[in-house]
Amino acid sequence: MTSSAPRLYLSAPHMGSQERALLLDAFDSNWIAPLGPHVDAFEREFAAISGRKHAVAVSSGTAALHLCLRLLDVQPGREIFTSSLTFVATANAIRYVGAKPVFIDSDRETWNMDPHLLAEELERCAKRNALPAAVMVVDVNGQCANYRMISGICETYGVPVIEDAAESLGASLDGKPAGSFGAVGCFSFNGNKIITTSGGGMLVTDDEAWAKQARYLSTQARDPAAHYEHSVLGYNYRMSNLLAAVGRGQLQVLADRVSRRREIYATYQRELGSLPGIEFMPEPEGFFSTRWLTALTIDPQQFGTTNEQVRLSLEEQNIEARPVWKPMHLQPAFADCRSIDNGVSQSLFASGICLPSGSSMSDNDQRRVLECIRSCCVKSVVSNT
């Protein structure tokens, strides 16, 4: 029977007074439809914190990914290398342009794209004159991929990098912010992200022409004319002024939100790290993770029970948890795609679990999670004696 305690979500939105004030300002100004002064301001402010010259506010992170591929003029049938351990939106965007995703597995050090697998496959492709149109790298669970290696590898072969930073706003690598490593980067403001606009996303780049083209394509590719003239296929992808107002308020507290999530992670690590069979997602030297989601693996032989049994025990206490992303190369929708795998992402999926990590969680909320997980370990010890 499920507990009567309030539902504790994996990553609930965390709103404050700034968001409300700016939203009311947008409402009272009657700038309701897409575009408006808050959209312009949100783009300027976001570009500044992301280390980019230009930012384009759109309706979702998926829309941003799709637009990136249009900016690179990716043609149907071309291959795009991408991370296997990711949310499906990354792979879906590749399909939107008729391209073929090729899934590159993870490394143990970051849980992100394995640079060595990438280098080996690019070398093989170069020998047969079949390099991919781009490499779309995903920053998983709030942590940058190893761009120290990936950027150089891709530069060697002249292959552009697209950074899917949907989960990593506020993260950095060697002091450089997430979203600033590829030719173009993408963020998501979905309701479960570090900051949210309810729905929305952002495309960032240093290329002024690309930013201009992204705005053009995302507003139905309307040509300058008194009537509605369209020369190319466009999309209804622009963000509304209302949502941008919320985003501006959220952006003001980004550092606080990241700090709180890292604090939540530290508590989990301190309280659970000594339990047998528990290993947390690593954070190598020079990497600064937002800990968007606290993710760990459970060895059932040592812990005494599986990650799924722990998830179900949490659900009985009305606590939401979920497995680590199921790798894309194991998804039925992409069964026809090539994959370069080493078993790491499949292993992480088999043993991994993501715990409630929202910045609005109270200490008592987290105590509920900790007590439940400890009880799972205690029960397993008792049942095995």
# chains A, B, ... in the order shown; residues from 1 in each chain; ligands from 1
call {"tool": "closest_atom_pairs", "arguments": {"of": "stretch 98-168 of chain A", "to": "stretch 65-77 of chain A", "cutoff": "7 Å", "atoms": "only C-alpha atoms", "output": "CSV"}}
result
residue,atom,partner,partner_atom,distance
A:Gly98,CA,A:Pro76,CA,4.2
A:Ala99,CA,A:Pro76,CA,4.8
A:Lys100,CA,A:Gly77,CA,6.1
A:Ala133,CA,A:Val74,CA,6.4
call {"tool": "write_last_selection", "arguments": {"atoms": "N, CA and C atoms", "output": "PDB file, in the first residue's frame"}}
result
ATOM      1  N   GLY A  98      15.933  13.485 -41.149  1.00  0.00           N
ATOM      2  CA  GLY A  98      16.178  12.334 -42.007  1.00  0.00           C
ATOM      3  C   GLY A  98      17.574  11.766 -41.891  1.00  0.00           C
ATOM      4  N   ALA A  99      18.320  12.190 -40.888  1.00  0.00           N
ATOM      5  CA  ALA A  99      19.676  11.680 -40.680  1.00  0.00           C
ATOM      6  C   ALA A  99      19.642  10.390 -39.861  1.00  0.00           C
ATOM      7  N   LYS A 100      20.807   9.738 -39.754  1.00  0.00           N
ATOM      8  CA  LYS A 100      20.901   8.454 -39.072  1.00  0.00           C
ATOM      9  C   LYS A 100      21.738   8.591 -37.800  1.00  0.00           C
ATOM     10  N   ALA A 133      28.151  13.939 -40.270  1.00  0.00           N
ATOM     11  CA  ALA A 133      27.906  15.363 -40.479  1.00  0.00           C
ATOM     12  C   ALA A 133      28.176  16.167 -39.212  1.00  0.00           C
TER      13      ALA A 133
END
call {"tool": "residues_around", "arguments": {"residues": "A:Gln317", "least_positions_apart": "2", "cutoff": "9 Å", "atoms": "only C-alpha atoms", "output": "ChimeraX atom specification"}}
result
/A:1-5,7-8,312-315,319-320,368-369,372
call {"tool": "write_last_selection", "arguments": {"atoms": "N, CA, C and O atoms", "output": "mmCIF file, in the first residue's frame"}}
result
data_model
loop_
_atom_site.group_PDB
_atom_site.id
_atom_site.type_symbol
_atom_site.label_atom_id
_atom_site.label_comp_id
_atom_site.auth_asym_id
_atom_site.auth_seq_id
_atom_site.Cartn_x
_atom_site.Cartn_y
_atom_site.Cartn_z
ATOM 1 N N MET A 1 0.847 -1.201 0.000
ATOM 2 C CA MET A 1 0.000 0.000 0.000
ATOM 3 C C MET A 1 0.879 1.248 0.000
ATOM 4 O O MET A 1 1.853 1.335 0.734
ATOM 5 N N THR A 2 0.523 2.215 -0.844
ATOM 6 C CA THR A 2 1.293 3.450 -0.941
ATOM 7 C C THR A 2 1.099 4.315 0.293
ATOM 8 O O THR A 2 -0.008 4.414 0.837
ATOM 9 N N SER A 3 2.156 4.955 0.750
ATOM 10 C CA SER A 3 2.106 5.825 1.917
ATOM 11 C C SER A 3 1.160 7.000 1.678
ATOM 12 O O SER A 3 0.971 7.458 0.555
ATOM 13 N N SER A 4 0.586 7.516 2.758
ATOM 14 C CA SER A 4 -0.271 8.706 2.674
ATOM 15 C C SER A 4 0.534 9.992 2.755
ATOM 16 O O SER A 4 -0.029 11.086 2.711
ATOM 17 N N ALA A 5 1.849 9.866 2.890
ATOM 18 C CA ALA A 5 2.707 11.056 2.946
ATOM 19 C C ALA A 5 2.646 11.798 1.618
ATOM 20 O O ALA A 5 2.359 11.213 0.571
ATOM 21 N N ARG A 7 3.414 13.437 -1.933
ATOM 22 C CA ARG A 7 4.236 12.939 -3.025
ATOM 23 C C ARG A 7 5.540 13.724 -3.100
ATOM 24 O O ARG A 7 5.536 14.967 -3.069
ATOM 25 N N LEU A 8 6.658 13.016 -3.159
ATOM 26 C CA LEU A 8 7.966 13.633 -3.319
ATOM 27 C C LEU A 8 8.446 13.329 -4.734
ATOM 28 O O LEU A 8 8.664 12.168 -5.092
ATOM 29 N N LEU A 312 10.878 0.531 -6.195
ATOM 30 C CA LEU A 312 9.515 0.148 -5.797
ATOM 31 C C LEU A 312 9.275 0.429 -4.312
ATOM 32 O O LEU A 312 8.169 0.828 -3.928
ATOM 33 N N SER A 313 10.292 0.241 -3.491
ATOM 34 C CA SER A 313 10.155 0.564 -2.059
ATOM 35 C C SER A 313 9.951 2.058 -1.859
ATOM 36 O O SER A 313 9.133 2.480 -1.029
ATOM 37 N N LEU A 314 10.675 2.872 -2.633
ATOM 38 C CA LEU A 314 10.479 4.319 -2.570
ATOM 39 C C LEU A 314 9.069 4.681 -3.038
ATOM 40 O O LEU A 314 8.403 5.535 -2.437
ATOM 41 N N GLU A 315 8.602 4.038 -4.097
ATOM 42 C CA GLU A 315 7.254 4.312 -4.603
ATOM 43 C C GLU A 315 6.198 3.986 -3.552
ATOM 44 O O GLU A 315 5.196 4.707 -3.426
ATOM 45 N N ILE A 319 7.384 8.221 -3.013
ATOM 46 C CA ILE A 319 8.597 8.932 -3.415
ATOM 47 C C ILE A 319 8.942 8.514 -4.841
ATOM 48 O O ILE A 319 9.090 7.325 -5.125
ATOM 49 N N GLU A 320 9.068 9.498 -5.726
ATOM 50 C CA GLU A 320 9.405 9.195 -7.110
ATOM 51 C C GLU A 320 10.917 9.020 -7.274
ATOM 52 O O GLU A 320 11.709 9.837 -6.819
ATOM 53 N N ARG A 368 13.249 11.224 4.398
ATOM 54 C CA ARG A 368 12.327 10.142 3.999
ATOM 55 C C ARG A 368 13.003 9.208 3.002
ATOM 56 O O ARG A 368 12.888 7.983 3.096
ATOM 57 N N VAL A 369 13.701 9.792 2.038
ATOM 58 C CA VAL A 369 14.389 8.978 1.030
ATOM 59 C C VAL A 369 15.479 8.138 1.680
ATOM 60 O O VAL A 369 15.597 6.924 1.435
ATOM 61 N N CYS A 372 14.208 5.193 3.758
ATOM 62 C CA CYS A 372 13.685 4.114 2.933
ATOM 63 C C CYS A 372 14.818 3.280 2.336
ATOM 64 O O CYS A 372 14.769 2.041 2.348
#
call {"tool": "residues_around", "arguments": {"residues": "A:Val58", "least_positions_apart": "3", "cutoff": "6 Å", "atoms": "only C-alpha atoms", "output": "list in words"}}
result
Gly200, Gly201, Met202, Tyr237, Arg238 and Met239 of chain A
call {"tool": "atom_distance", "arguments": {"atom1": "atom CA of A:Ala33", "atom2": "atom CA of A:Asn241"}}
result
6.5 Å
call {"tool": "residues_around", "arguments": {"residues": "A:Arg44", "least_positions_apart": "3", "cutoff": "8 Å", "atoms": "only C-alpha atoms", "output": "PyMOL selection string"}}
result
chain A and resi 40-41+47-48+54-55
call {"tool": "write_last_selection", "arguments": {"atoms": "N, CA and C atoms", "output": "PDB file, in the first residue's frame"}}
result
ATOM      1  N   ASP A  40      13.659  39.155 -25.598  1.00  0.00           N
ATOM      2  CA  ASP A  40      14.919  39.827 -25.947  1.00  0.00           C
ATOM      3  C   ASP A  40      15.864  39.882 -24.752  1.00  0.00           C
ATOM      4  N   ALA A  41      15.328  40.238 -23.594  1.00  0.00           N
ATOM      5  CA  ALA A  41      16.156  40.367 -22.395  1.00  0.00           C
ATOM      6  C   ALA A  41      16.670  39.001 -21.933  1.00  0.00           C
ATOM      7  N   ALA A  47      22.835  34.548 -22.830  1.00  0.00           N
ATOM      8  CA  ALA A  47      24.096  34.537 -23.564  1.00  0.00           C
ATOM      9  C   ALA A  47      25.255  34.900 -22.640  1.00  0.00           C
ATOM     10  N   ALA A  48      25.025  35.852 -21.775  1.00  0.00           N
ATOM     11  CA  ALA A  48      26.081  36.311 -20.869  1.00  0.00           C
ATOM     12  C   ALA A  48      26.518  35.210 -19.896  1.00  0.00           C
ATOM     13  N   HIS A  54      25.618  34.824 -28.603  1.00  0.00           N
ATOM     14  CA  HIS A  54      24.225  34.893 -29.033  1.00  0.00           C
ATOM     15  C   HIS A  54      23.413  33.762 -28.413  1.00  0.00           C
ATOM     16  N   ALA A  55      22.156  34.055 -28.099  1.00  0.00           N
ATOM     17  CA  ALA A  55      21.227  33.049 -27.590  1.00  0.00           C
ATOM     18  C   ALA A  55      19.878  33.262 -28.277  1.00  0.00           C
TER      19      ALA A  55
END
call {"tool": "atom_distance", "arguments": {"atom1": "atom CA of A:Cys354", "atom2": "atom CA of A:Arg367"}}
result
15.8 Å
call {"tool": "closest_residue", "arguments": {"among": "A:Gln252, A:Ser289, A:Gln302, A:Ser362", "to": "A:Thr267", "atoms": "only C-alpha atoms"}}
result
A:Ser362
call {"tool": "select_by_dssp", "arguments": {"residues": "stretch 73-189 of chain A", "states": "alpha helix (DSSP H)", "output": "ChimeraX atom specification"}}
result
/A:88-96,115-127,147-157
call {"tool": "write_last_selection", "arguments": {"atoms": "N, CA and C atoms", "output": "compact mmCIF listing (two decimals), in the first residue's frame"}}
result
# COMPACT_ATOMS: atom_id res chain seq x y z
N VAL A 88 15.44 10.51 -25.10
CA VAL A 88 15.15 10.22 -26.51
C VAL A 88 15.13 11.46 -27.40
N ALA A 89 14.91 12.64 -26.84
CA ALA A 89 14.81 13.85 -27.66
C ALA A 89 16.04 14.06 -28.53
N THR A 90 17.21 13.70 -28.02
CA THR A 90 18.44 13.88 -28.79
C THR A 90 18.40 13.08 -30.09
N ALA A 91 18.07 11.81 -29.96
CA ALA A 91 18.00 10.94 -31.13
C ALA A 91 16.84 11.31 -32.03
N ASN A 92 15.72 11.70 -31.44
CA ASN A 92 14.56 12.09 -32.25
C ASN A 92 14.88 13.26 -33.16
N ALA A 93 15.61 14.25 -32.65
CA ALA A 93 15.94 15.43 -33.46
C ALA A 93 16.74 15.04 -34.69
N ILE A 94 17.60 14.04 -34.54
CA ILE A 94 18.39 13.57 -35.68
C ILE A 94 17.47 12.97 -36.74
N ARG A 95 16.49 12.23 -36.28
CA ARG A 95 15.52 11.63 -37.20
C ARG A 95 14.68 12.70 -37.90
N TYR A 96 14.42 13.80 -37.22
CA TYR A 96 13.57 14.84 -37.81
C TYR A 96 14.11 15.34 -39.16
N PRO A 115 35.32 9.20 -25.16
CA PRO A 115 36.15 9.81 -26.21
C PRO A 115 36.96 8.80 -27.00
N HIS A 116 37.38 7.72 -26.35
CA HIS A 116 38.19 6.72 -27.03
C HIS A 116 37.37 5.97 -28.08
N LEU A 117 36.14 5.61 -27.73
CA LEU A 117 35.27 4.97 -28.72
C LEU A 117 35.00 5.92 -29.89
N LEU A 118 34.78 7.19 -29.55
CA LEU A 118 34.54 8.20 -30.59
C LEU A 118 35.73 8.30 -31.54
N ALA A 119 36.93 8.39 -30.97
CA ALA A 119 38.14 8.54 -31.79
C ALA A 119 38.33 7.33 -32.71
N GLU A 120 38.11 6.15 -32.16
CA GLU A 120 38.30 4.93 -32.96
C GLU A 120 37.31 4.88 -34.12
N GLU A 121 36.05 5.26 -33.86
CA GLU A 121 35.05 5.18 -34.91
C GLU A 121 35.25 6.29 -35.96
N LEU A 122 35.65 7.46 -35.53
CA LEU A 122 35.95 8.52 -36.49
C LEU A 122 37.12 8.13 -37.39
N GLU A 123 38.12 7.48 -36.83
CA GLU A 123 39.26 7.02 -37.63
C GLU A 123 38.80 6.00 -38.67
N ARG A 124 37.94 5.07 -38.26
CA ARG A 124 37.44 4.08 -39.20
C ARG A 124 36.63 4.74 -40.32
N CYS A 125 35.79 5.71 -39.94
CA CYS A 125 34.96 6.40 -40.93
C CYS A 125 35.81 7.23 -41.90
N ALA A 126 36.87 7.86 -41.38
CA ALA A 126 37.74 8.68 -42.22
C ALA A 126 38.42 7.82 -43.29
N LYS A 127 38.80 6.62 -42.92
CA LYS A 127 39.48 5.73 -43.87
C LYS A 127 38.60 5.34 -45.04
N TYR A 147 35.05 17.18 -22.86
CA TYR A 147 35.38 17.99 -24.04
C TYR A 147 36.87 18.26 -24.17
N ARG A 148 37.64 18.03 -23.13
CA ARG A 148 39.09 18.15 -23.26
C ARG A 148 39.57 17.27 -24.41
N MET A 149 38.99 16.07 -24.50
CA MET A 149 39.36 15.13 -25.54
C MET A 149 38.44 15.22 -26.75
N ILE A 150 37.14 15.29 -26.51
CA ILE A 150 36.17 15.22 -27.60
C ILE A 150 36.35 16.37 -28.58
N SER A 151 36.56 17.58 -28.07
CA SER A 151 36.70 18.75 -28.95
C SER A 151 37.90 18.59 -29.87
N GLY A 152 39.01 18.15 -29.31
CA GLY A 152 40.21 17.99 -30.12
C GLY A 152 40.07 16.88 -31.15
N ILE A 153 39.44 15.78 -30.75
CA ILE A 153 39.23 14.66 -31.67
C ILE A 153 38.39 15.10 -32.86
N CYS A 154 37.30 15.79 -32.59
CA CYS A 154 36.41 16.22 -33.67
C CYS A 154 37.08 17.27 -34.55
N GLU A 155 37.87 18.14 -33.94
CA GLU A 155 38.59 19.16 -34.73
C GLU A 155 39.57 18.51 -35.70
N THR A 156 40.21 17.44 -35.26
CA THR A 156 41.16 16.72 -36.12
C THR A 156 40.51 16.28 -37.43
N TYR A 157 39.26 15.86 -37.32
CA TYR A 157 38.55 15.34 -38.50
C TYR A 157 37.63 16.38 -39.14
call {"tool": "residues_around", "arguments": {"residues": "A:Ser168", "least_positions_apart": "2", "cutoff": "9 Å", "atoms": "only C-alpha atoms", "output": "list in words"}}
result
Asp139, Val140, Asn141, Gly142, Gln143, Cys144, Asp164, Ala165, Ala166, Gly170, Ala171, Ser172, Ala178, Gly179, Phe187, Lys193, Ile194, Ser289, Thr290, Arg291 and Trp292 of chain A
call {"tool": "residues_around", "arguments": {"residues": "A:Glu208", "least_positions_apart": "5", "cutoff": "12 Å", "atoms": "only C-alpha atoms", "output": "PyMOL selection string"}}
result
chain A and resi 52-56+71+183-184+213-215
call {"tool": "closest_residue", "arguments": {"among": "A:Phe103, A:Phe303, A:Phe288, A:Phe189", "to": "A:Leu275", "atoms": "only C-alpha atoms"}}
result
A:Phe303
call {"tool": "closest_residue", "arguments": {"among": "A:His227, A:Arg257, A:Arg338, A:Arg128", "to": "A:Gly358", "atoms": "only C-alpha atoms"}}
result
A:Arg257
call {"tool": "residues_around", "arguments": {"residues": "A:Gly199", "least_positions_apart": "5", "cutoff": "7 Å", "atoms": "only C-alpha atoms", "output": "ChimeraX atom specification"}}
result
/A:59-60,189-191
call {"tool": "closest_residue", "arguments": {"among": "A:Gly185, A:Pro6, A:Pro34, A:Gly51", "to": "A:Thr219", "atoms": "only C-alpha atoms"}}
result
A:Pro34
call {"tool": "atom_distance", "arguments": {"atom1": "atom CA of A:Lys212", "atom2": "atom CA of A:Gly61"}}
result
18.0 Å
